[in-house]
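Shown below: input.tsv, with TSV, C-alpha atoms.
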chain	number	residue	atom	x	y	z
A	1	MET	CA	-1.86	16.85	34.99
A	2	LYS	CA	-5.01	16.64	32.90
A	3	TYR	CA	-4.63	17.13	29.15
A	4	GLY	CA	-7.07	18.52	26.63
A	5	VAL	CA	-6.13	15.97	23.97
A	6	VAL	CA	-4.02	12.82	24.15
A	7	VAL	CA	-2.88	11.27	20.87
A	8	ILE	CA	-1.75	7.64	20.90
A	9	GLY	CA	0.79	6.86	18.17
A	10	GLY	CA	3.65	8.93	16.79
A	11	GLY	CA	3.29	8.00	13.13
A	12	PRO	CA	2.14	10.36	10.34
A	13	ALA	CA	-1.52	10.54	11.44
A	14	GLY	CA	-0.61	10.98	15.10
A	15	LEU	CA	1.98	13.67	14.40
A	16	MET	CA	-0.50	15.64	12.32
A	17	ALA	CA	-3.35	15.18	14.82
A	18	ALA	CA	-1.27	16.27	17.82
A	19	GLY	CA	0.16	19.23	15.96
A	20	ARG	CA	-3.24	20.45	14.82
A	21	ALA	CA	-4.73	20.09	18.31
A	22	GLY	CA	-1.84	22.08	19.74
A	23	GLU	CA	-2.10	24.69	16.99
A	24	ILE	CA	-5.71	25.39	17.93
A	25	GLY	CA	-4.72	25.77	21.54
A	26	ALA	CA	-5.33	22.46	23.25
A	27	ARG	CA	-2.99	21.14	25.92
A	28	ALA	CA	-1.89	18.20	23.79
A	29	LEU	CA	0.16	15.12	24.61
A	30	LEU	CA	1.59	12.71	22.04
A	31	LEU	CA	2.44	9.18	23.24
A	32	GLU	CA	4.75	6.92	21.25
A	33	LYS	CA	5.94	3.51	22.45
A	34	ASN	CA	9.14	3.54	20.37
A	35	LYS	CA	12.26	5.45	21.32
A	36	ASN	CA	11.83	7.69	18.27
A	37	LEU	CA	8.87	9.18	16.41
A	38	GLY	CA	7.91	8.30	12.84
A	39	ARG	CA	9.87	5.08	12.37
A	40	LYS	CA	7.58	3.80	9.62
A	41	LEU	CA	7.36	7.24	8.01
A	42	LEU	CA	11.14	7.24	7.54
A	43	ILE	CA	11.11	4.07	5.41
A	44	THR	CA	8.19	5.03	3.15
A	45	GLY	CA	8.89	5.63	-0.53
A	46	ASN	CA	12.25	3.84	-0.29
A	47	ASN	CA	13.32	6.29	2.43
A	48	ARG	CA	12.29	9.26	0.27
A	49	CYS	CA	8.75	9.62	1.68
A	50	ASN	CA	6.10	9.80	-1.04
A	51	VAL	CA	4.08	12.41	0.88
A	52	THR	CA	1.02	12.47	-1.39
A	53	ASN	CA	-0.26	12.01	-4.92
A	54	LYS	CA	-1.43	15.01	-6.87
A	55	GLU	CA	-4.28	12.95	-8.35
A	56	CYS	CA	-5.91	12.76	-4.91
A	57	PHE	CA	-6.96	16.34	-5.62
A	58	SER	CA	-9.55	15.28	-8.20
A	59	ARG	CA	-12.95	14.00	-7.11
A	60	GLU	CA	-12.89	11.05	-9.43
A	61	MET	CA	-9.70	9.79	-7.83
A	62	ILE	CA	-11.72	8.93	-4.72
A	63	ASN	CA	-12.48	5.74	-6.66
A	64	ARG	CA	-8.84	4.73	-6.26
A	65	PHE	CA	-9.59	4.11	-2.59
A	66	GLY	CA	-12.23	1.49	-3.38
A	67	LYS	CA	-15.71	1.13	-1.94
A	68	ASN	CA	-14.84	3.11	1.20
A	69	GLY	CA	-13.42	6.05	-0.74
A	70	LYS	CA	-16.51	8.21	-0.32
A	71	PHE	CA	-15.72	8.40	3.40
A	72	LEU	CA	-12.80	10.67	2.46
A	73	PHE	CA	-14.76	13.42	0.69
A	74	SER	CA	-15.06	15.63	3.78
A	75	VAL	CA	-11.50	15.28	5.03
A	76	PHE	CA	-9.99	15.75	1.56
A	77	SER	CA	-12.04	18.91	1.02
A	78	LYS	CA	-10.81	20.24	4.38
A	79	PHE	CA	-7.18	19.15	4.16
A	80	GLY	CA	-6.28	17.64	0.81
A	81	VAL	CA	-3.29	17.54	-1.50
A	82	LYS	CA	-2.95	21.31	-1.91
A	83	GLU	CA	-3.05	21.84	1.86
A	84	THR	CA	-0.59	19.00	2.43
A	85	ILE	CA	1.98	20.41	0.01
A	86	SER	CA	1.55	23.91	1.47
A	87	PHE	CA	1.95	22.54	4.98
A	88	PHE	CA	5.33	20.97	4.29
A	89	GLU	CA	6.59	23.84	2.16
A	90	ASN	CA	5.72	26.27	4.97
A	91	PHE	CA	8.10	24.27	7.14
A	92	GLY	CA	10.83	24.49	4.51
A	93	VAL	CA	10.30	21.15	2.78
A	94	LYS	CA	10.00	21.85	-0.94
A	95	ILE	CA	7.89	19.30	-2.81
A	96	LYS	CA	8.47	17.96	-6.32
A	97	ILE	CA	6.07	15.99	-8.52
A	98	GLU	CA	7.42	12.87	-10.23
A	99	GLU	CA	6.07	10.16	-12.51
A	100	LYS	CA	2.45	9.14	-11.90
A	101	ASN	CA	1.85	12.36	-9.92
A	102	ARG	CA	3.81	11.14	-6.91
A	103	ALA	CA	4.99	13.93	-4.62
A	104	PHE	CA	8.36	13.77	-2.83
A	105	PRO	CA	10.52	16.20	-0.91
A	106	GLU	CA	13.05	17.80	-3.27
A	107	SER	CA	15.81	16.56	-0.98
A	108	ASP	CA	14.64	12.93	-1.41
A	109	LYS	CA	15.02	12.60	2.38
A	110	SER	CA	12.16	11.28	4.50
A	111	GLN	CA	13.97	12.67	7.54
A	112	ASP	CA	13.15	16.20	6.31
A	113	VAL	CA	9.43	15.36	6.34
A	114	LEU	CA	9.66	13.96	9.86
A	115	ASN	CA	11.68	16.94	11.07
A	116	SER	CA	9.03	19.33	9.77
A	117	LEU	CA	6.32	17.49	11.71
A	118	ILE	CA	8.37	17.52	14.89
A	119	SER	CA	8.91	21.27	14.39
A	120	TYR	CA	5.12	21.61	14.05
A	121	LEU	CA	4.64	19.90	17.42
A	122	LYS	CA	7.29	21.97	19.16
A	123	LYS	CA	6.00	25.22	17.68
A	124	HIS	CA	2.60	24.59	19.22
A	125	LYS	CA	3.92	23.27	22.53
A	126	VAL	CA	2.73	19.69	22.16
A	127	LYS	CA	4.24	17.51	24.87
A	128	ILE	CA	6.01	14.51	23.35
A	129	ARG	CA	6.59	11.33	25.31
A	130	THR	CA	8.43	8.47	23.62
A	131	GLU	CA	9.00	5.01	25.13
A	132	SER	CA	5.51	5.37	26.57
A	133	GLU	CA	3.50	2.29	25.69
A	134	VAL	CA	-0.23	2.26	26.32
A	135	LYS	CA	-1.24	-0.88	28.17
A	136	ASP	CA	-4.96	-0.27	28.57
A	137	ILE	CA	-7.79	2.21	27.97
A	138	ILE	CA	-10.43	2.52	30.68
A	139	LYS	CA	-13.94	3.70	29.95
A	140	SER	CA	-17.10	4.29	31.92
A	141	GLY	CA	-20.32	4.19	29.96
A	142	ASN	CA	-19.65	5.82	26.60
A	143	LYS	CA	-16.66	7.88	27.68
A	144	ILE	CA	-12.96	7.15	28.20
A	145	ASN	CA	-11.83	7.98	31.73
A	146	LYS	CA	-8.11	7.38	31.44
A	147	ILE	CA	-5.35	5.41	29.78
A	148	ILE	CA	-2.82	3.30	31.61
A	149	LEU	CA	0.80	3.05	30.46
A	150	SER	CA	2.89	-0.11	30.75
A	151	SER	CA	4.74	1.66	33.58
A	152	GLY	CA	1.47	1.82	35.51
A	153	GLU	CA	1.13	5.56	35.11
A	154	GLU	CA	-2.42	6.82	34.51
A	155	ILE	CA	-3.13	9.65	32.07
A	156	ILE	CA	-6.36	11.66	32.10
A	157	ALA	CA	-7.65	13.86	29.27
A	158	ASP	CA	-10.82	15.36	27.84
A	159	LYS	CA	-10.34	13.78	24.40
A	160	PHE	CA	-8.36	10.85	23.02
A	161	ILE	CA	-7.21	10.17	19.44
A	162	ILE	CA	-6.06	6.66	18.50
A	163	CYS	CA	-3.51	6.74	15.67
A	164	ALA	CA	-1.79	3.47	16.48
A	165	GLY	CA	-1.41	2.35	12.86
A	166	GLY	CA	-1.97	-1.17	11.55
A	167	LYS	CA	0.08	-4.37	11.59
A	168	SER	CA	2.41	-3.81	8.62
A	169	TYR	CA	6.17	-3.52	9.21
A	170	PRO	CA	5.96	-4.86	12.79
A	171	GLU	CA	9.66	-4.10	13.31
A	172	THR	CA	8.68	-0.41	13.42
A	173	GLY	CA	6.34	-1.07	16.36
A	174	SER	CA	3.11	-1.69	14.45
A	175	SER	CA	1.64	-4.48	16.54
A	176	GLY	CA	-2.07	-3.95	15.92
A	177	ASP	CA	-2.72	-2.81	19.50
A	178	GLY	CA	-5.11	-0.13	18.27
A	179	TYR	CA	-7.52	-2.73	16.91
A	180	ARG	CA	-7.62	-4.42	20.31
A	181	TRP	CA	-8.38	-1.15	22.08
A	182	ALA	CA	-11.03	-0.16	19.53
A	183	LYS	CA	-12.73	-3.53	19.89
A	184	LYS	CA	-12.68	-3.30	23.69
A	185	LEU	CA	-14.30	0.15	23.42
A	186	GLY	CA	-17.17	-1.32	21.38
A	187	HIS	CA	-16.01	-0.80	17.79
A	188	LYS	CA	-16.18	-3.47	15.09
A	189	ILE	CA	-12.99	-4.36	13.22
A	190	THR	CA	-13.32	-5.50	9.61
A	191	LYS	CA	-11.21	-8.35	8.23
A	192	LEU	CA	-7.51	-7.57	8.54
A	193	SER	CA	-4.91	-8.68	6.01
A	194	PRO	CA	-1.54	-7.52	4.70
A	195	SER	CA	-1.91	-5.30	1.64
A	196	LEU	CA	0.37	-3.67	-0.90
A	197	THR	CA	2.59	-6.69	-0.53
A	198	PRO	CA	4.49	-9.21	-2.68
A	199	ILE	CA	2.62	-12.37	-3.68
A	200	ILE	CA	3.74	-15.94	-2.96
A	201	ILE	CA	3.31	-18.24	-5.99
A	202	LYS	CA	2.63	-22.01	-5.93
A	203	GLU	CA	4.81	-22.91	-8.92
A	204	LYS	CA	8.42	-23.69	-7.94
A	205	VAL	CA	9.62	-22.38	-11.29
A	206	VAL	CA	9.64	-18.82	-9.91
A	207	LYS	CA	12.83	-19.67	-7.99
A	208	LYS	CA	14.61	-19.97	-11.36
A	209	LEU	CA	13.38	-16.48	-12.25
A	210	GLU	CA	14.45	-14.80	-9.00
A	211	GLY	CA	15.71	-11.29	-9.66
A	212	LEU	CA	14.22	-11.05	-13.17
A	213	SER	CA	12.74	-7.59	-13.65
A	214	LEU	CA	10.00	-7.12	-16.24
A	215	LYS	CA	9.01	-3.78	-17.74
A	216	ASN	CA	5.69	-2.82	-19.31
A	217	ILE	CA	3.91	-6.14	-19.01
A	218	ARG	CA	0.19	-6.83	-18.66
A	219	ILE	CA	-0.87	-8.80	-15.58
A	220	ASN	CA	-4.40	-10.15	-15.48
A	221	LEU	CA	-5.90	-11.41	-12.22
A	222	TYR	CA	-8.29	-14.37	-12.40
A	223	LYS	CA	-10.56	-15.99	-9.82
A	224	ASP	CA	-12.40	-19.18	-10.75
A	225	ASP	CA	-11.27	-18.59	-14.36
A	226	LYS	CA	-12.98	-15.19	-14.45
A	227	LYS	CA	-10.86	-12.07	-14.94
A	228	ILE	CA	-11.44	-9.71	-12.01
A	229	ASP	CA	-8.67	-7.16	-12.52
A	230	SER	CA	-5.86	-6.16	-14.86
A	231	ILE	CA	-2.87	-3.86	-14.65
A	232	PHE	CA	-0.09	-2.68	-16.96
A	233	GLY	CA	3.29	-2.02	-15.40
A	234	ASP	CA	6.49	-3.46	-13.96
A	235	ALA	CA	7.17	-6.54	-11.84
A	236	ILE	CA	10.07	-8.53	-10.42
A	237	PHE	CA	10.36	-12.20	-9.51
A	238	THR	CA	11.41	-13.14	-5.98
A	239	ALA	CA	12.64	-16.43	-4.52
A	240	ASP	CA	9.09	-17.61	-3.85
A	241	GLY	CA	6.84	-15.31	-5.82
A	242	ILE	CA	6.52	-11.99	-7.57
A	243	SER	CA	6.66	-8.36	-6.52
A	244	GLY	CA	7.10	-4.91	-8.05
A	245	PRO	CA	4.74	-1.93	-8.50
A	246	ALA	CA	2.09	-3.68	-10.59
A	247	ILE	CA	1.91	-6.70	-8.28
A	248	ILE	CA	1.87	-4.55	-5.14
A	249	ASP	CA	-1.17	-2.66	-6.41
A	250	LEU	CA	-2.98	-5.86	-7.45
A	251	SER	CA	-2.42	-7.24	-3.95
A	252	ARG	CA	-5.07	-4.81	-2.65
A	253	LYS	CA	-7.67	-6.64	-4.72
A	254	ILE	CA	-6.31	-10.02	-3.68
A	255	SER	CA	-6.43	-9.11	0.03
A	256	ARG	CA	-10.20	-8.75	-0.24
A	257	GLU	CA	-10.74	-12.14	-1.87
A	258	THR	CA	-10.50	-15.75	-0.77
A	259	LEU	CA	-7.30	-17.05	-2.33
A	260	LYS	CA	-8.72	-20.33	-3.60
A	261	LYS	CA	-8.48	-20.69	-7.40
A	262	MET	CA	-6.78	-17.35	-7.99
A	263	LYS	CA	-4.04	-16.87	-10.55
A	264	PHE	CA	-2.03	-14.30	-12.46
A	265	GLN	CA	-1.84	-14.48	-16.21
A	266	ILE	CA	1.11	-12.51	-17.56
A	267	ASP	CA	1.27	-11.10	-21.05
A	268	PHE	CA	4.96	-10.50	-21.75
A	269	LYS	CA	4.15	-8.76	-25.05
A	270	PRO	CA	0.99	-6.71	-24.37
A	271	THR	CA	1.51	-4.28	-27.26
A	272	PHE	CA	1.04	-7.12	-29.76
A	273	SER	CA	-2.11	-9.09	-30.52
A	274	PHE	CA	-1.80	-12.87	-30.79
A	275	THR	CA	-1.67	-12.64	-34.57
A	276	GLU	CA	0.87	-9.83	-34.57
A	277	PHE	CA	3.18	-11.56	-32.17
A	278	ASP	CA	2.90	-14.86	-34.04
A	279	GLN	CA	4.28	-12.94	-37.02
A	280	GLU	CA	7.10	-11.58	-34.84
A	281	ILE	CA	8.00	-15.11	-33.78
A	282	GLN	CA	8.02	-16.29	-37.38
A	283	LYS	CA	10.28	-13.38	-38.43
A	284	SER	CA	12.70	-14.18	-35.63
A	285	PHE	CA	12.72	-17.88	-36.45
A	286	GLN	CA	13.37	-17.20	-40.13
A	287	LYS	CA	16.27	-14.94	-39.19
A	288	ASN	CA	17.72	-17.58	-36.86
A	289	SER	CA	16.61	-20.66	-38.78
A	290	ASN	CA	19.80	-22.66	-38.20
A	291	LYS	CA	19.87	-22.14	-34.44
A	292	ILE	CA	18.64	-24.75	-31.99
A	293	PHE	CA	15.47	-23.82	-30.11
A	294	LYS	CA	17.09	-23.07	-26.73
A	295	ASN	CA	19.35	-20.51	-28.44
A	296	GLY	CA	16.69	-19.11	-30.75
A	297	LEU	CA	14.68	-16.91	-28.39
A	298	ASP	CA	17.29	-14.28	-27.54
A	299	GLU	CA	15.52	-11.57	-29.54
A	300	LEU	CA	12.13	-12.34	-28.00
A	301	LEU	CA	12.70	-12.86	-24.27
A	302	PRO	CA	14.97	-11.85	-21.38
A	303	GLN	CA	17.80	-14.38	-21.02
A	304	LYS	CA	16.68	-15.62	-17.61
A	305	LEU	CA	13.17	-16.39	-18.86
A	306	ILE	CA	14.27	-18.46	-21.88
A	307	PRO	CA	15.04	-21.81	-20.18
A	308	VAL	CA	11.75	-21.63	-18.28
A	309	ILE	CA	9.71	-21.00	-21.44
A	310	VAL	CA	11.66	-23.71	-23.30
A	311	GLY	CA	10.91	-26.22	-20.54
A	312	LEU	CA	7.21	-25.36	-20.33
A	313	SER	CA	6.79	-25.50	-24.11
A	314	LYS	CA	7.77	-29.22	-24.16
A	315	ILE	CA	9.64	-28.49	-27.41
A	316	SER	CA	13.02	-30.22	-27.55
A	317	PRO	CA	15.65	-27.58	-26.68
A	318	MET	CA	17.94	-29.12	-29.33
A	319	LYS	CA	15.36	-28.94	-32.11
A	320	LYS	CA	16.27	-26.63	-35.00
A	321	VAL	CA	14.17	-23.48	-35.08
A	322	ASN	CA	13.24	-24.07	-38.72
A	323	ALA	CA	11.78	-27.47	-37.76
A	324	ILE	CA	9.33	-26.14	-35.18
A	325	THR	CA	5.76	-26.92	-36.22
A	326	LYS	CA	2.81	-24.56	-36.35
A	327	GLU	CA	1.24	-26.33	-33.35
A	328	GLU	CA	4.44	-25.98	-31.34
A	329	ARG	CA	4.66	-22.31	-32.27
A	330	LYS	CA	1.05	-21.84	-31.16
A	331	LYS	CA	1.85	-23.33	-27.75
A	332	LEU	CA	4.88	-21.07	-27.50
A	333	LEU	CA	2.73	-18.06	-28.39
A	334	HIS	CA	0.37	-18.79	-25.50
A	335	LEU	CA	3.29	-18.97	-23.07
A	336	PHE	CA	4.34	-15.50	-24.22
A	337	LYS	CA	0.83	-14.07	-23.96
A	338	GLU	CA	-0.81	-16.19	-21.24
A	339	PHE	CA	1.82	-17.20	-18.71
A	340	ASP	CA	-0.12	-18.62	-15.74
A	341	LEU	CA	1.01	-18.45	-12.12
A	342	GLU	CA	-1.24	-19.76	-9.35
A	343	ILE	CA	-1.44	-17.58	-6.24
A	344	LYS	CA	-0.58	-19.31	-2.99
A	345	LYS	CA	-0.85	-16.43	-0.52
A	346	LEU	CA	0.03	-12.86	0.27
A	347	ALA	CA	3.42	-12.18	1.80
A	348	GLY	CA	3.11	-11.40	5.51
A	349	TYR	CA	2.75	-8.15	7.42
A	350	ASP	CA	6.54	-7.91	7.61
A	351	LYS	CA	6.60	-7.16	3.86
A	352	ALA	CA	3.27	-5.32	3.56
A	353	ILE	CA	3.20	-1.56	3.11
A	354	ILE	CA	-0.22	-1.23	4.75
A	355	THR	CA	-2.93	-3.20	6.51
A	356	SER	CA	-6.22	-3.79	4.72
A	357	GLY	CA	-9.25	-3.55	7.00
A	358	GLY	CA	-9.64	-1.77	10.32
A	359	VAL	CA	-12.14	0.15	12.42
A	360	GLN	CA	-15.51	-0.03	10.67
A	361	LEU	CA	-16.27	3.32	9.04
A	362	ASN	CA	-20.00	3.47	9.71
A	363	GLU	CA	-19.09	3.83	13.39
A	364	ILE	CA	-17.08	7.02	12.73
A	365	ASN	CA	-18.28	10.49	11.74
A	366	PRO	CA	-16.53	11.22	8.40
A	367	LYS	CA	-16.66	14.98	9.03
A	368	THR	CA	-14.89	14.85	12.40
A	369	MET	CA	-13.25	11.40	12.77
A	370	LYS	CA	-15.18	11.10	16.04
A	371	SER	CA	-16.40	7.77	17.28
A	372	LYS	CA	-20.17	7.29	17.22
A	373	ILE	CA	-19.83	4.93	20.17
A	374	ILE	CA	-17.45	6.70	22.57
A	375	ASP	CA	-18.10	10.40	23.14
A	376	ASN	CA	-14.51	11.54	23.59
A	377	LEU	CA	-12.73	9.24	21.13
A	378	TYR	CA	-11.37	9.94	17.62
A	379	PHE	CA	-9.49	7.83	15.09
A	380	ALA	CA	-7.04	8.67	12.30
A	381	GLY	CA	-4.68	6.92	9.91
A	382	GLU	CA	-4.07	3.28	9.06
A	383	ILE	CA	-6.19	1.98	11.93
A	384	LEU	CA	-9.27	2.92	9.86
A	385	ASP	CA	-10.77	0.60	7.26
A	386	LEU	CA	-9.25	2.72	4.49
A	387	ASP	CA	-6.44	1.98	2.07
A	388	GLY	CA	-5.33	3.15	-1.33
A	389	PRO	CA	-2.83	2.08	-4.00
A	390	THR	CA	0.88	2.83	-3.86
A	391	GLY	CA	2.06	6.30	-4.77
A	392	GLY	CA	1.31	8.56	-1.79
A	393	TYR	CA	-2.39	7.83	-1.41
A	394	ASN	CA	-2.09	6.19	1.99
A	395	LEU	CA	-0.01	8.96	3.50
A	396	GLN	CA	-2.63	11.43	2.28
A	397	ILE	CA	-5.22	9.48	4.29
A	398	CYS	CA	-3.00	9.94	7.35
A	399	TRP	CA	-2.50	13.68	6.84
A	400	SER	CA	-6.17	14.37	6.14
A	401	THR	CA	-7.75	12.22	8.86
A	402	GLY	CA	-5.08	13.26	11.37
A	403	PHE	CA	-5.66	16.95	10.70
A	404	MET	CA	-9.41	16.53	11.00
A	405	ALA	CA	-9.22	14.48	14.21
A	406	GLY	CA	-6.86	16.99	15.79
A	407	GLU	CA	-9.06	19.91	14.88
A	408	SER	CA	-12.36	18.28	15.82
A	409	SER	CA	-11.08	17.06	19.18
A	410	THR	CA	-10.49	20.65	20.28
A	411	ASN	CA	-14.02	21.81	19.50
A	412	ILE	CA	-16.30	22.60	22.43
A	413	GLU	CA	-19.38	20.38	22.32

Take the structure in the file and give it back as structure tokens.
Amino acid sequence: MKYGVVVIGGGPAGLMAAGRAGEIGARALLLEKNKNLGRKLLITGNNRCNVTNKECFSREMINRFGKNGKFLFSVFSKFGVKETISFFENFGVKIKIEEKNRAFPESDKSQDVLNSLISYLKKHKVKIRTESEVKDIIKSGNKINKIILSSGEEIIADKFIICAGGKSYPETGSSGDGYRWAKKLGHKITKLSPSLTPIIIKEKVVKKLEGLSLKNIRINLYKDDKKIDSIFGDAIFTADGISGPAIIDLSRKISRETLKKMKFQIDFKPTFSFTEFDQEIQKSFQKNSNKIFKNGLDELLPQKLIPVIVGLSKISPMKKVNAITKEERKKLLHLFKEFDLEIKKLAGYDKAIITSGGVQLNEINPKTMKSKIIDNLYFAGEILDLDGPTGGYNLQICWSTGFMAGESSTNIE
């Protein structure tokens, strides 16, 4: 049987692309190598599925996607946040808006989002084949002739859409095969790296802080002693580094840099200036003047952080608080406001939410998602050199590019 459109990859972009192609009337086939569709989709947003971010609706928010954000203007204007929310609500999945404009299903169940997409495919008679791994893609000239499955079966179609995802969460089947196919077909692949990921820190002291959660701190990112980014938010220490929402978002910047001479500088008390917090320290010390130093910081720091700060300050832990000198207090102040941690590396793809890098965008038509190299090839989703911060931005890329690829692939040319 010859198909009108074959979509490779049953993640969010592939589900949307296949459904849209079928909705327009194409004989569509969706191929997924896993036993079940949408494995990665189910674990997004802590299994709640952060389907989009309402801020994606505004033009200026394109900047949140970095230098490649302008590529998204066309697809967002065609199928953006409003259309995404309407799509899911039309399939019975009510959407709620939470903190930082993040959109979730009211049920807090990612399974409901996946079920709605599967219903979309079935409604429009898309043929679904799971446990169908693509082994190779065969082209002649600037056109794909067929794809070959690992079983040896050959599949022929008029159009092909690659939605194979990236390399993040490899346990869900994301092996990076799509990059290999794209490269074989003549496309350039930009530098790949894990992104939206925890950060591994060089200092061994972080092990002592494992599990410590910090709220409303300022984290500055430095490279060669020059501040290149800054974020206010929450973080948590891990056994070998640091994670949490603020760190995860900063990792996007880090993934685009060489890691040599990069560090975080944490301000534990960002609402105070140096002078103001020096006064706070003095007030606390006066109140606890008879305490020894190691017991005199309870009002200023989380308990787990105190022995680390005491050790780094080089002040005797048994010294009376009222005997601490101005110079010692100044050193302590800098540890509160400028706590340095040298970056060793990004955590691997197994802990990354997305992959940074992908198919080079100047080789793709932003209005159709069609390849400029292969006449009957389209791309959508994480395989593209597009990524945004946490909070639903990356799923919106999948919905928008998937919809556009599915629609454009059915057009008569």

Inset, instruction - Rank A:Arg39, A:Leu209, A:Asn46, A:Lys345 by their smallest atom-to-atom distance to Asp108 of chain A, using only C-alpha atoms, and report the top residue only. - result: A:Asn46

Legend entry - Distance criterion (all atoms listed in the file): nearest to Thr258 of chain A out of A:Lys54, A:Lys96, A:Lys159, A:Lys223: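 Closest to Thr258 of chain A of all the choices is A:Lys223.
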
Inset, instruction - Identify, on the basis of all atoms listed in the file, every residue whose closest approach to Met318 of chain A does not exceed 10 Å; exclude the query and any residue fewer than 6 positions from it along the same chain; express the result as a list in words. - result: Lys291, Ile292, Phe293, Lys294 and Asn295 of chain A

Inset, instruction - Give me the residues within 10 Å of Pro302 of chain A as a ChimeraX atom specification, counting only C-alpha atoms and dropping any in the same chain fewer than 4 places off. - result: /A:212-214,297-298,306

Legend entry - Test item: residues at most 10 Å from segment 30-34 of chain A, all atoms listed in the file, excluding those fewer than 5 positions along its chain, as JSON, numbers by chain: {"A": [5, 6, 7, 8, 9, 10, 11, 14, 15, 17, 18, 19, 39, 121, 126, 127, 128, 129, 130, 131, 132, 133, 134, 149, 150, 161, 163, 164, 172, 173, 174]}

Go ahead and write the selection's residues with C-alpha atoms as an mmCIF file, keeping the file's coordinate frame.
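This went into out.cif:
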data_model
loop_
_atom_site.group_PDB
_atom_site.id
_atom_site.type_symbol
_atom_site.label_atom_id
_atom_site.label_comp_id
_atom_site.auth_asym_id
_atom_site.auth_seq_id
_atom_site.Cartn_x
_atom_site.Cartn_y
_atom_site.Cartn_z
ATOM 1 C CA VAL A 5 -6.130 15.970 23.970
ATOM 2 C CA VAL A 6 -4.020 12.820 24.150
ATOM 3 C CA VAL A 7 -2.880 11.270 20.870
ATOM 4 C CA ILE A 8 -1.750 7.640 20.900
ATOM 5 C CA GLY A 9 0.790 6.860 18.170
ATOM 6 C CA GLY A 10 3.650 8.930 16.790
ATOM 7 C CA GLY A 11 3.290 8.000 13.130
ATOM 8 C CA GLY A 14 -0.610 10.980 15.100
ATOM 9 C CA LEU A 15 1.980 13.670 14.400
ATOM 10 C CA ALA A 17 -3.350 15.180 14.820
ATOM 11 C CA ALA A 18 -1.270 16.270 17.820
ATOM 12 C CA GLY A 19 0.160 19.230 15.960
ATOM 13 C CA ARG A 39 9.870 5.080 12.370
ATOM 14 C CA LEU A 121 4.640 19.900 17.420
ATOM 15 C CA VAL A 126 2.730 19.690 22.160
ATOM 16 C CA LYS A 127 4.240 17.510 24.870
ATOM 17 C CA ILE A 128 6.010 14.510 23.350
ATOM 18 C CA ARG A 129 6.590 11.330 25.310
ATOM 19 C CA THR A 130 8.430 8.470 23.620
ATOM 20 C CA GLU A 131 9.000 5.010 25.130
ATOM 21 C CA SER A 132 5.510 5.370 26.570
ATOM 22 C CA GLU A 133 3.500 2.290 25.690
ATOM 23 C CA VAL A 134 -0.230 2.260 26.320
ATOM 24 C CA LEU A 149 0.800 3.050 30.460
ATOM 25 C CA SER A 150 2.890 -0.110 30.750
ATOM 26 C CA ILE A 161 -7.210 10.170 19.440
ATOM 27 C CA CYS A 163 -3.510 6.740 15.670
ATOM 28 C CA ALA A 164 -1.790 3.470 16.480
ATOM 29 C CA THR A 172 8.680 -0.410 13.420
ATOM 30 C CA GLY A 173 6.340 -1.070 16.360
ATOM 31 C CA SER A 174 3.110 -1.690 14.450
#

Inset, instruction - For each of A:Glu257, A:Lys183, A:Asp350, A:Arg20, take the minimum atom-to-atom distance to Lys122 of chain A, counting only C-alpha atoms, then give the residue where this is smallest. - result: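 Under the stated criterion, the closest residue is A:Arg20.
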
Expected axis-aligned box over every listed atom of segment 300-316 of chain A, 8 Å added per side, centre plus edges in Å to one decimal, as lines of an AutoDock Vina configuration file:
center_x = 12.3
center_y = -21.0
center_z = -22.8
size_x = 27.0
size_y = 34.4
size_z = 26.4

Inset, instruction - Measuring atom to atom with all atoms listed in the file, identify which of A:Met16, A:Ile373, A:Ile219, A:Leu361 is nearest to Gly38 of chain A. - result: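 Distance minimum relative to Gly38 of chain A lands on A:Met16.
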
Inset, instruction - State, in Å with one decimal place, the distance from atom CA of Leu301 of chain A to atom CA of Pro245 of chain A. - result: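 So the answer is 20.8 Å.
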
Inset, instruction - Counting only C-alpha atoms, figure out which residue out of A:Asn47, A:Leu346, A:Arg256, A:Phe272 gets nearest to Lys191 of chain A. - result: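 Among A:Asn47, A:Leu346, A:Arg256, A:Phe272, it is A:Arg256 that comes nearest to Lys191 of chain A.
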
Legend entry - Contact residues around Lys372 of chain A with only C-alpha atoms at 7 Å, ignoring same-chain residues under 6 positions, as a VMD selection string: chain A and resid 363 to 365

Inset, instruction - May I have the protein, DNA and RNA residues with any atom at most 6 Å from the point (-2.6, -15.2, -14.3), counting all atoms listed in the file, written as a count of residues only? - result: 8

Inset, instruction - Kindly indicate which residue among A:Gly296, A:Pro366, A:Gly211, A:Gly22 lies nearest to Lys125 of chain A, using all atoms listed in the file for the distances. - result: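 Counting all atoms listed in the file, the residue closest to Lys125 of chain A is A:Gly22.
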
Legend entry - Shell around Lys269 of chain A at 8 Å using only C-alpha atoms, local window under 2 positions removed, as a VMD selection string: chain A and resid 217 to 218 267 271 to 272 277 336 to 337

Output of the above residues as a PDB file, keeping the file's coordinate frame, restricted to C-alpha atoms:
ATOM      1  CA  ILE A 217       3.910  -6.140 -19.010  1.00  0.00           C
ATOM      2  CA  ARG A 218       0.190  -6.830 -18.660  1.00  0.00           C
ATOM      3  CA  ASP A 267       1.270 -11.100 -21.050  1.00  0.00           C
ATOM      4  CA  THR A 271       1.510  -4.280 -27.260  1.00  0.00           C
ATOM      5  CA  PHE A 272       1.040  -7.120 -29.760  1.00  0.00           C
ATOM      6  CA  PHE A 277       3.180 -11.560 -32.170  1.00  0.00           C
ATOM      7  CA  PHE A 336       4.340 -15.500 -24.220  1.00  0.00           C
ATOM      8  CA  LYS A 337       0.830 -14.070 -23.960  1.00  0.00           C
TER       9      LYS A 337
END
